[in-house]
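Undergrad: Input: one structure, supplied below.
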Amino acid sequence: MSEASYRVRVTKDHLVFSAAHFITFNGNICERLHGHNWRVAVEVTGELDENRYVFDFIALRDATQAVVNELDHRMLLPTGHPTISVTVDEDNEEVEAKFESRRWVFPKEDCIILPVPNTTAEEIAHWIATRLVDDVIKKHRHELKSIRVDVEENFGQWAQCELSLD
(Lines give C-alpha, C1' and ligand atoms only; values in the text may rest on other atoms or scores of the structure.)
Protein backbone atom coordinates (compact mmCIF):
# COMPACT_ATOMS: atom_id res chain seq x y z
CA MET A 1 0.00 0.00 0.00
CA SER A 2 1.34 3.45 -0.89
CA GLU A 3 1.80 6.18 1.69
CA ALA A 4 -1.00 8.75 1.88
CA SER A 5 -0.39 12.48 1.61
CA TYR A 6 -2.68 15.09 3.13
CA ARG A 7 -3.58 18.68 2.28
CA VAL A 8 -5.83 21.29 3.82
CA ARG A 9 -7.05 24.15 1.63
CA VAL A 10 -9.05 27.25 2.51
CA THR A 11 -10.65 29.56 0.00
CA LYS A 12 -13.69 31.60 0.90
CA ASP A 13 -15.73 34.35 -0.71
CA HIS A 14 -14.50 36.72 2.01
CA LEU A 15 -10.79 35.99 1.45
CA VAL A 16 -10.77 38.89 -0.99
CA PHE A 17 -9.11 42.27 -0.85
CA SER A 18 -9.44 45.35 -3.04
CA ALA A 19 -6.14 47.09 -3.55
CA ALA A 20 -4.33 49.34 -5.99
CA HIS A 21 -0.83 48.88 -7.35
CA PHE A 22 1.41 49.45 -10.31
CA ILE A 23 4.23 47.25 -11.53
CA THR A 24 7.24 47.73 -13.72
CA PHE A 25 8.48 45.34 -16.36
CA ASN A 26 11.03 45.12 -19.16
CA GLY A 27 13.32 47.46 -17.30
CA ASN A 28 11.67 50.83 -17.78
CA ILE A 29 7.97 50.26 -18.43
CA CYS A 30 5.69 51.25 -15.57
CA GLU A 31 1.99 50.45 -15.60
CA ARG A 32 -0.56 53.07 -14.72
CA LEU A 33 -1.94 52.99 -11.22
CA HIS A 34 -4.87 50.57 -11.14
CA GLY A 35 -6.68 48.19 -8.80
CA HIS A 36 -7.99 44.68 -8.52
CA ASN A 37 -10.31 42.62 -6.40
CA TRP A 38 -7.71 40.03 -5.43
CA ARG A 39 -8.76 36.60 -4.17
CA VAL A 40 -6.65 34.35 -1.93
CA ALA A 41 -6.52 30.59 -1.31
CA VAL A 42 -4.13 28.81 1.04
CA GLU A 43 -3.12 25.16 1.16
CA VAL A 44 -0.85 23.35 3.61
CA THR A 45 0.51 19.82 3.35
CA GLY A 46 1.67 17.57 6.11
CA GLU A 47 1.16 14.49 8.23
CA LEU A 48 -1.91 13.89 10.32
CA ASP A 49 -1.53 14.92 13.94
CA GLU A 50 -2.89 13.17 17.04
CA ASN A 51 -6.34 14.60 16.24
CA ARG A 52 -6.11 13.10 12.72
CA TYR A 53 -5.97 16.37 10.85
CA VAL A 54 -3.24 18.26 9.01
CA PHE A 55 -4.10 21.70 10.34
CA ASP A 56 -7.11 23.40 11.87
CA PHE A 57 -9.25 24.88 9.08
CA ILE A 58 -10.51 27.67 11.34
CA ALA A 59 -7.02 28.74 12.47
CA LEU A 60 -5.80 28.80 8.87
CA ARG A 61 -8.88 30.66 7.64
CA ASP A 62 -8.74 33.25 10.43
CA ALA A 63 -5.01 33.88 9.99
CA THR A 64 -5.48 34.30 6.24
CA GLN A 65 -8.41 36.66 6.83
CA ALA A 66 -6.26 38.82 9.14
CA VAL A 67 -3.58 39.20 6.45
CA VAL A 68 -6.18 39.86 3.74
CA ASN A 69 -7.74 42.55 5.96
CA GLU A 70 -4.37 44.33 6.20
CA LEU A 71 -4.23 44.55 2.39
CA ASP A 72 -7.85 45.56 1.84
CA HIS A 73 -8.46 49.04 0.45
CA ARG A 74 -4.79 49.90 0.39
CA MET A 75 -2.21 51.12 -2.07
CA LEU A 76 0.44 48.37 -2.36
CA LEU A 77 3.96 49.76 -2.63
CA PRO A 78 7.27 47.84 -2.97
CA THR A 79 10.42 48.66 -1.00
CA GLY A 80 12.74 46.26 -2.81
CA HIS A 81 12.49 47.63 -6.34
CA PRO A 82 15.77 48.94 -7.82
CA THR A 83 14.20 52.01 -9.48
CA ILE A 84 11.03 52.70 -7.48
CA SER A 85 11.67 54.73 -4.34
CA VAL A 86 9.12 54.69 -1.54
CA THR A 87 9.56 57.12 1.35
CA VAL A 88 7.47 58.18 4.31
CA ASP A 89 7.54 61.91 5.11
CA GLU A 90 8.95 63.30 8.37
CA ASP A 91 5.48 63.74 9.89
CA ASN A 92 4.67 60.08 9.11
CA GLU A 93 1.50 61.16 7.31
CA GLU A 94 2.30 60.75 3.60
CA VAL A 95 4.05 58.20 1.44
CA GLU A 96 5.80 59.26 -1.73
CA ALA A 97 6.54 56.81 -4.54
CA LYS A 98 8.76 57.75 -7.48
CA PHE A 99 9.65 55.99 -10.72
CA GLU A 100 11.77 57.96 -13.19
CA SER A 101 9.84 61.20 -13.80
CA ARG A 102 6.60 59.91 -12.26
CA ARG A 103 5.62 60.73 -8.67
CA TRP A 104 2.67 59.70 -6.50
CA VAL A 105 1.78 60.88 -2.98
CA PHE A 106 -0.63 58.91 -0.79
CA PRO A 107 -1.91 59.24 2.78
CA LYS A 108 0.19 56.81 4.85
CA GLU A 109 -2.91 55.20 6.35
CA ASP A 110 -4.00 54.21 2.83
CA CYS A 111 -0.74 52.37 2.03
CA ILE A 112 0.83 49.08 2.83
CA ILE A 113 4.53 49.08 2.16
CA LEU A 114 5.68 45.59 1.21
CA PRO A 115 9.26 44.28 1.36
CA VAL A 116 9.03 42.99 -2.22
CA PRO A 117 10.78 43.98 -5.46
CA ASN A 118 7.51 44.46 -7.37
CA THR A 119 3.84 44.25 -6.39
CA THR A 120 3.09 41.37 -8.75
CA ALA A 121 0.61 38.67 -7.79
CA GLU A 122 3.56 36.28 -7.42
CA GLU A 123 5.35 38.53 -4.93
CA ILE A 124 2.13 39.21 -3.02
CA ALA A 125 1.53 35.43 -2.78
CA HIS A 126 5.07 35.00 -1.41
CA TRP A 127 4.57 37.79 1.14
CA ILE A 128 1.25 36.29 2.31
CA ALA A 129 2.82 32.82 2.60
CA THR A 130 5.70 34.20 4.68
CA ARG A 131 3.31 36.10 6.92
CA LEU A 132 1.19 33.00 7.50
CA VAL A 133 4.26 30.94 8.38
CA ASP A 134 5.35 33.59 10.89
CA ASP A 135 1.87 34.38 12.27
CA VAL A 136 0.24 30.97 12.59
CA ILE A 137 2.23 28.00 11.28
CA LYS A 138 5.23 28.44 13.59
CA LYS A 139 2.93 28.95 16.59
CA HIS A 140 1.22 25.58 16.20
CA ARG A 141 2.87 22.26 16.89
CA HIS A 142 2.07 20.83 13.47
CA GLU A 143 4.71 19.18 11.33
CA LEU A 144 3.82 20.71 8.00
CA LYS A 145 5.73 20.07 4.78
CA SER A 146 4.65 23.05 2.70
CA ILE A 147 2.36 26.03 2.35
CA ARG A 148 1.00 27.24 -0.96
CA VAL A 149 -0.71 30.59 -1.45
CA ASP A 150 -2.69 31.33 -4.60
CA VAL A 151 -3.51 34.94 -5.45
CA GLU A 152 -6.02 35.70 -8.19
CA GLU A 153 -5.44 39.13 -9.69
CA ASN A 154 -8.20 38.94 -12.28
CA PHE A 155 -10.76 36.24 -12.91
CA GLY A 156 -8.87 33.16 -14.10
CA GLN A 157 -5.39 34.69 -13.61
CA TRP A 158 -3.72 33.09 -10.58
CA ALA A 159 -0.20 33.29 -9.24
CA GLN A 160 1.09 30.71 -6.78
CA CYS A 161 3.88 30.59 -4.28
CA GLU A 162 4.79 27.38 -2.51
CA LEU A 163 7.24 27.36 0.39
CA SER A 164 8.82 24.19 1.72
CA LEU A 165 8.60 23.98 5.51
CA ASP A 166 10.92 21.00 5.98
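Residues in the C-alpha coordinates are numbered from 1 in each chain, the chains being A, B, ... in the order shown, and ligands are numbered from 1 in the order shown.
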Taking only stretch 10-112 of chain A into account, list the residues labelled helix (DSSP H, G or I) by DSSP (computed from the backbone), as a VMD selection string.

TA: chain A and resid 57 to 71 108 to 110

Undergrad: Using DSSP on the backbone, list every residue of chain A that comes out as strand (DSSP E or B), and give them as a ChimeraX atom specification.

TA: /A:6-21,24-25,29-30,34-46,74-78,84-88,94-99,102-107,111-114,144-154,157-164

Undergrad: Please report the interatomic distance between atom CA of A:Leu33 and atom CA of A:Glu122 in Å with one decimal.

TA: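 Computing it gives 18.0 Å between the two atoms.
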
Undergrad: Would you mind listing what lies within 8 Å of stretch 68-74 of chain A as a ChimeraX atom specification, with only C-alpha atoms counted and same-chain residues fewer than 3 positions away left out?

TA: /A:15-20,40,64-65,110-112

Undergrad: Can you write out the residues you just picked, keeping N, CA and C atoms, as a PDB file, in the first residue's frame?

TA:
```
ATOM      1  N   LEU A  15     -12.247  35.880   1.514  1.00  0.00           N
ATOM      2  CA  LEU A  15     -10.786  35.989   1.450  1.00  0.00           C
ATOM      3  C   LEU A  15     -10.410  36.775   0.193  1.00  0.00           C
ATOM      4  N   VAL A  16     -10.911  37.994   0.156  1.00  0.00           N
ATOM      5  CA  VAL A  16     -10.770  38.890  -0.987  1.00  0.00           C
ATOM      6  C   VAL A  16     -10.335  40.249  -0.466  1.00  0.00           C
ATOM      7  N   PHE A  17      -9.467  40.905  -1.200  1.00  0.00           N
ATOM      8  CA  PHE A  17      -9.112  42.271  -0.854  1.00  0.00           C
ATOM      9  C   PHE A  17      -9.082  43.128  -2.114  1.00  0.00           C
ATOM     10  N   SER A  18      -9.497  44.368  -1.953  1.00  0.00           N
ATOM     11  CA  SER A  18      -9.443  45.346  -3.035  1.00  0.00           C
ATOM     12  C   SER A  18      -8.234  46.219  -2.776  1.00  0.00           C
ATOM     13  N   ALA A  19      -7.350  46.301  -3.741  1.00  0.00           N
ATOM     14  CA  ALA A  19      -6.140  47.094  -3.551  1.00  0.00           C
ATOM     15  C   ALA A  19      -5.632  47.602  -4.892  1.00  0.00           C
ATOM     16  N   ALA A  20      -4.939  48.737  -4.806  1.00  0.00           N
ATOM     17  CA  ALA A  20      -4.332  49.342  -5.987  1.00  0.00           C
ATOM     18  C   ALA A  20      -2.845  49.037  -6.004  1.00  0.00           C
ATOM     19  N   VAL A  40      -7.726  35.131  -2.520  1.00  0.00           N
ATOM     20  CA  VAL A  40      -6.646  34.349  -1.934  1.00  0.00           C
ATOM     21  C   VAL A  40      -7.138  32.956  -1.549  1.00  0.00           C
ATOM     22  N   THR A  64      -5.462  33.783   7.610  1.00  0.00           N
ATOM     23  CA  THR A  64      -5.484  34.304   6.236  1.00  0.00           C
ATOM     24  C   THR A  64      -6.361  35.539   6.157  1.00  0.00           C
ATOM     25  N   GLN A  65      -7.507  35.503   6.834  1.00  0.00           N
ATOM     26  CA  GLN A  65      -8.410  36.660   6.834  1.00  0.00           C
ATOM     27  C   GLN A  65      -7.730  37.882   7.438  1.00  0.00           C
ATOM     28  N   ASP A 110      -3.428  54.895   3.984  1.00  0.00           N
ATOM     29  CA  ASP A 110      -3.997  54.206   2.832  1.00  0.00           C
ATOM     30  C   ASP A 110      -3.014  53.252   2.161  1.00  0.00           C
ATOM     31  N   CYS A 111      -1.787  53.170   2.675  1.00  0.00           N
ATOM     32  CA  CYS A 111      -0.743  52.375   2.028  1.00  0.00           C
ATOM     33  C   CYS A 111      -0.343  51.177   2.878  1.00  0.00           C
ATOM     34  N   ILE A 112       0.095  50.155   2.191  1.00  0.00           N
ATOM     35  CA  ILE A 112       0.834  49.083   2.834  1.00  0.00           C
ATOM     36  C   ILE A 112       2.134  48.956   2.044  1.00  0.00           C
TER      37      ILE A 112
END
```

Undergrad: What lies within 7 Å of stretch 143-158 of chain A using only C-alpha atoms, ignoring chain neighbours under 3 positions off, as a list in words?

TA: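 In the requested format, the answer is His36, Asn37, Trp38, Arg39, Val40, Ala41, Val42, Glu43, Val44, Thr45, Gly46, Glu47, Ala121, Ala125, Ala129, Cys161, Glu162, Leu163, Ser164, Leu165 and Asp166 of chain A.
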
Undergrad: Show me, as a Markdown table, the residues of stretch 104-137 of chain A having an atom within 8 Å of stretch 78-94 of chain A, each with the closest atom pair and its distance in Å, using only C-alpha atoms.

TA:
```
| residue | atom | partner | partner_atom | distance |
| --- | --- | --- | --- | --- |
| A:Val105 | CA | A:Glu94 | CA | 6.6 |
| A:Phe106 | CA | A:Glu94 | CA | 5.6 |
| A:Pro107 | CA | A:Glu94 | CA | 4.6 |
| A:Lys108 | CA | A:Glu94 | CA | 4.6 |
| A:Glu109 | CA | A:Glu93 | CA | 7.5 |
| A:Ile113 | CA | A:Pro78 | CA | 5.9 |
| A:Leu114 | CA | A:Pro78 | CA | 5.0 |
| A:Pro115 | CA | A:Thr79 | CA | 5.1 |
| A:Val116 | CA | A:Gly80 | CA | 5.0 |
| A:Pro117 | CA | A:Gly80 | CA | 4.0 |
| A:Asn118 | CA | A:Pro78 | CA | 5.6 |
| A:Thr119 | CA | A:Pro78 | CA | 6.0 |
```

Undergrad: Counting only C-alpha atoms, which residue out of A:His126, A:Arg32, A:Arg131, A:His142 sits closest to A:Arg103?

TA: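 With only C-alpha atoms as the atom set, the closest residue is A:Arg32.
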
Undergrad: Go through A:Ile29, A:Val95, A:Ala4, A:Val133 and flag the residue nearest A:Met75, using only C-alpha atoms for the distances.

TA: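 Selected residue with least distance to A:Met75: A:Val95.
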
Undergrad: Distance atom CA of A:Gln160-atom CA of A:Ala63, one decimal place?

TA: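 Distance between the two atoms: 18.1 Å.
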